[in-house]
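J.: Following this line is model16.cif, made up of mmCIF, C-alpha atoms:
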data_target
#
loop_
_atom_site.label_atom_id
_atom_site.label_comp_id
_atom_site.auth_asym_id
_atom_site.auth_seq_id
_atom_site.Cartn_x
_atom_site.Cartn_y
_atom_site.Cartn_z
CA MET A 605 223.61 235.69 83.61
CA THR A 606 225.30 232.95 81.66
CA THR A 607 228.73 234.39 82.40
CA LYS A 608 228.13 234.19 86.15
CA LYS A 609 227.13 230.53 85.96
CA ALA A 610 230.18 229.71 83.92
CA ALA A 611 232.37 231.54 86.40
CA LYS A 612 230.83 229.70 89.34
CA THR A 613 231.25 226.26 87.87
CA SER A 614 234.84 226.87 86.80
CA THR A 615 235.94 228.12 90.22
CA LYS A 616 234.58 225.13 92.13
CA LYS A 617 237.06 222.34 92.44
CA THR A 618 236.43 219.19 94.36
CA SER A 619 239.28 218.06 96.51
CA THR A 620 239.76 214.33 96.62
CA LYS A 621 241.31 213.02 99.79
CA LYS A 622 243.07 209.71 99.51
CA SER A 623 242.79 207.34 102.41
CA PRO A 624 246.08 206.40 104.02
CA ALA A 625 247.56 203.26 102.55
CA LYS A 626 247.22 200.16 104.68
CA LYS A 627 250.42 198.52 105.75
CA SER A 628 250.63 194.99 104.42
CA SER A 629 252.02 192.20 106.50
CA SER A 630 255.63 191.43 105.80
CA THR A 631 255.24 187.65 105.91
CA ARG A 632 253.81 185.52 103.13
CA LYS A 633 250.59 183.58 103.55
CA TYR A 634 251.57 181.04 100.92
CA SER A 635 255.05 179.76 100.16
CA PRO A 636 256.30 179.92 96.56
CA ALA A 637 256.35 176.12 96.54
CA ALA A 638 252.63 176.08 97.43
CA GLY A 639 251.93 178.39 94.51
CA LYS A 640 253.86 176.04 92.27
CA SER A 641 251.70 173.08 93.30
CA VAL A 642 248.54 175.10 92.56
CA GLU A 643 250.02 176.03 89.20
CA THR A 644 250.64 172.40 88.27
CA GLU A 645 247.09 171.43 89.26
CA MET A 646 245.66 174.25 87.13
CA LYS A 647 247.69 173.04 84.15
CA ALA A 648 246.41 169.50 84.69
CA MET A 649 242.84 170.79 84.85
CA LYS A 650 243.23 172.72 81.61
CA GLN A 651 244.63 169.63 79.92
CA GLY A 652 241.70 167.55 81.25
CA LYS A 653 243.93 165.27 83.34
CA LEU A 654 242.87 166.40 86.82
CA LYS A 655 240.51 163.97 88.57
CA SER A 656 238.49 164.43 91.74
CA GLY A 657 239.57 162.43 94.79
CA ARG A 658 236.58 160.29 95.73
CA SER A 659 234.45 160.07 92.63
CA GLY A 660 237.28 160.17 90.11
CA LYS A 661 235.35 162.59 87.89
CA LYS A 662 237.14 165.14 85.73
CA VAL A 663 237.58 168.53 87.42
CA THR A 664 236.34 171.46 85.32
CA ASN A 665 236.02 174.22 87.93
CA PRO A 666 239.16 176.37 88.48
CA LYS A 667 238.27 176.86 92.15
CA GLN A 668 238.29 173.10 92.62
CA ALA A 669 241.71 172.88 90.98
CA ILE A 670 243.07 175.55 93.34
CA ALA A 671 241.59 173.73 96.35
CA ILE A 672 243.20 170.45 95.24
CA GLY A 673 246.57 172.18 94.77
CA LEU A 674 246.43 173.79 98.22
CA SER A 675 245.37 170.50 99.79
CA GLU A 676 248.33 168.70 98.25
CA ALA A 677 250.65 171.50 99.40
CA ARG A 678 249.35 171.07 102.96
CA LYS A 679 249.97 167.32 102.81
CA ALA A 680 253.52 167.96 101.58
CA GLY A 681 254.14 170.31 104.53
CA LYS A 682 254.47 173.53 102.56
CA LYS A 683 253.51 176.86 104.10
CA VAL A 684 249.77 177.23 103.53
CA PRO A 685 247.11 178.60 105.92
CA PRO A 686 244.77 175.98 107.38
CA ALA A 687 241.68 175.05 105.43
CA PRO A 688 238.49 176.95 106.37
CA LYS A 689 236.25 175.13 108.83
CA LYS A 690 232.96 173.83 107.49
CA GLY A 691 230.01 174.63 109.68
#
How does this structure look as structure tokens?
T.:
Amino acid sequence: MTTKKAAKTSTKKTSTKKSPAKKSSSTRKYSPAAGKSVETEMKAMKQGKLKSGRSGKKVTNPKQAIAIGLSEARKAGKKVPPAPKKG
């Protein structure tokens, strides 16, 4: 009996089907210059030099640093998608 079970389990093979790869868009969402401005803001945050706009408090959250970098890139006219609408 044990030989039959071993034979059954060894003959079964599960076939894994891979989903077709999605085609990515050929255009960039963010320009390289926009990425550079985010990079400089992240460096300033890590050094403790990045301050918040209104309150002037030190920024410690990386997401805030990215948002500040993207905002400055938008003001400079670099290619960045519009900010999400609050609502």
J.: Which residues, protein or nucleic acid, reach to within 12 Å of (246.1, 172.7, 86.4) in the file's coordinates when using all atoms listed in the file, and can you give that as a count of residues only?
T.: 30
J.: Please indicate the distance in Å from atom CA of A:Ala638 to atom CA of A:Val684, rounded to one decimal place.
T.: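 Those two atoms sit 6.8 Å apart.
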J.: Just to confirm, what's the straight-line distance from atom CA of A:Lys690 to atom CA of A:Ser675 in Å (one decimal)?
T.: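 Going from atom CA of A:Lys690 over to atom CA of A:Ser675, I get 15.0 Å.
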J.: In Å, with one decimal, what is the gap from atom CA of A:Arg658 to atom CA of A:Glu676?
T.: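 Computing it gives 14.7 Å between the two atoms.
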